[in-house]
Every structure is written in C-alpha cells, then in structure tokens.
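Asks: Pasting a structure here, questions to come.
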Amino acid sequence: MKKKSAFSIYKDQKLLVGLVAIIFIYSFIVRFGPISTFLPFYSLDENELTEFALALFGPDKDPHWYKYGPLYWYILKFIYSIQIFIGGVSTDEFVQNYFISPSNYFLTSRYLAATIHIIMAFVAYKMTLV
C-alpha cells in the first residue's frame with residue numbers, strides 16, 4: 001500500500017506544484033531582495049557571527065562560545081578563505097579590513113544565511129512528500 005503524502009488532498013498536482021513554485025519564488029525575493037538594506041549597520045547578532053568566523057583565522061580554532069552552533073562559523077570562514085584566495089590578499093589584511101569596512105563581511109554572512117534558509121525550506125517541502 002502506497003503511503004500518502006501530506007499534500008495528497010490536492011486533486012490537481014499541477015496546481016500544487018504551481019503553488020509551491022510561487023511560494024519558493026516569493027521567499028527567494030523576500031530573502032535576497034533587501035539583503036543589503038541598512039548596511040554598514042548590522043542586525044542584532046551579525047557582528048558576533050562575523051567576528052567569531054574571522055577569529056577562526058587565528059591560532060585557536062575553538063570559538064569558546066556556543067550561543068549558536070559553530071558550523072555556521074566554519075562555513076563562513078571557508079567562504080572568507082575563498083574570498084582571500086580570489087582577492088589575493090593576506091589573511092591579516094583581510095581580517096584587518098573588517099574594522100575599516102565591515103559591510104562586505106556582513107553581506108557575505110547574509111547571503112550565506114539566506115541560502116541556508118532557502119535550502120531548508122526546500123528540504124522541509126521534500127520531507128512532506130515522503
């Protein structure tokens with residue numbers, strides 16, 4: 001016997017796919033559209049997330065602070081490492097530039113968070129189809 005999905009109440013699967021597509025497009029626009037709003041100012045915890053990710057370039061790889069899970073910081077550090085490689089600057093110059101112009105660092109963090117949110121929404125949708 002085939003297990004019914006949470007969306008099996010919809011008779012027309014094309015309508016369901018269309019609704020889901022509209023929701024994903026809308027969430028993408030809402031999440032990525034105003035992403036650079038209010039820069040160079042940051043929201044409540046952006047400075048903490050960014051500064052802890054930059055601190056991982058130092059000798060100690062343990063953040064010693066676990067208000068958030070450290071996986072986000074390690075992913076952000078990896079993205080910053082790619083930016084360092086592409087930009088051709090030293091790690092010290094990259095980290096010191098944060099104190100001069102932090103907007104690009106916050107923007108990178110916002111893009112990462114938005115991408116994670118979109119991926120998790122897609123995963124949640126896929127889980128309902130099982």
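A note on labels: chains of the structure tokens are A, B, ... as shown, every chain counts residues from 1, and ligands are counted from 1 in their shown order.
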Skipping near chain neighbours, those fewer than 3 positions away, what residues fall within 10 Å of stretch 81-84 of chain A using only C-alpha atoms, listed as a PyMOL selection string?
Replies: chain A and resi 54+57+75-78+87-95+108
Asks: Write out as number ranges by chain the set of residues from stretch 3-115 of chain A that DSSP, computed on the backbone, places in alpha helix (DSSP H).
Replies: A: 13-32, 46-55, 71-87, 91-100, 103-115
Asks: With only C-alpha atoms as the basis for distance, which of A:Gly33, A:Gly18, A:Pro40, A:Gly69 is at the shortest distance from A:Ala53?
Replies: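 Nearest candidate to A:Ala53 out of A:Gly33, A:Gly18, A:Pro40, A:Gly69: A:Gly69.
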Asks: Can you pull out every residue within 12 Å of A:Ile23, counting only C-alpha atoms, but drop anything in the same chain fewer than 5 positions away, and send it as a list in words?
Replies: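 Residues meeting the cut-off are Leu16, Val17, Gly18, Phe28, Ile29, Val30, Arg31, Ile118, Ala121, Phe122 and Tyr125 of chain A.
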Asks: Could the residues in this selection be written to a file with C-alpha atoms, as an mmCIF file, in the first residue's frame?
Replies:
data_model
loop_
_atom_site.group_PDB
_atom_site.id
_atom_site.type_symbol
_atom_site.label_atom_id
_atom_site.label_comp_id
_atom_site.auth_asym_id
_atom_site.auth_seq_id
_atom_site.Cartn_x
_atom_site.Cartn_y
_atom_site.Cartn_z
ATOM 1 C CA LEU A 16 0.207 22.079 -6.030
ATOM 2 C CA VAL A 17 3.482 22.369 -7.930
ATOM 3 C CA GLY A 18 2.486 25.834 -9.103
ATOM 4 C CA PHE A 28 13.597 33.928 -2.619
ATOM 5 C CA ILE A 29 12.634 37.523 -3.457
ATOM 6 C CA VAL A 30 11.815 38.374 0.150
ATOM 7 C CA ARG A 31 15.052 36.828 1.424
ATOM 8 C CA ILE A 118 16.072 28.606 1.117
ATOM 9 C CA ALA A 121 12.621 25.353 3.062
ATOM 10 C CA PHE A 122 13.192 23.048 0.089
ATOM 11 C CA TYR A 125 8.980 20.592 1.366
#
Asks: Using only C-alpha atoms, can you tell me which of A:Phe38, A:Phe32, A:Phe85, A:Trp73 comes closest to A:Phe52?
Replies: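 Result for the nearest residue to A:Phe52: A:Trp73.
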Asks: What gap, in Å, lies between atom CA of A:Phe99 and atom CA of A:Phe41?
Replies: 12.8 Å
Asks: Can you work out the spacing between atom CA of A:Ser109 and atom CA of A:Glu46 in Å, to one decimal?
Replies: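 Separation between atom CA of A:Ser109 and atom CA of A:Glu46: 7.6 Å.
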Asks: Considering only C-alpha atoms, state which residue in the set A:Lys67, A:Lys126, A:Arg110, A:Lys14 is at the smallest distance from A:Ser43.
Replies: A:Arg110
Asks: From the set A:Leu19, A:Met127, A:Met120, A:Ile35, which residue has the shortest atom-to-atom contact distance to A:Phe106, counting only C-alpha atoms?
Replies: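 Nearest candidate to A:Phe106 out of A:Leu19, A:Met127, A:Met120, A:Ile35: A:Ile35.
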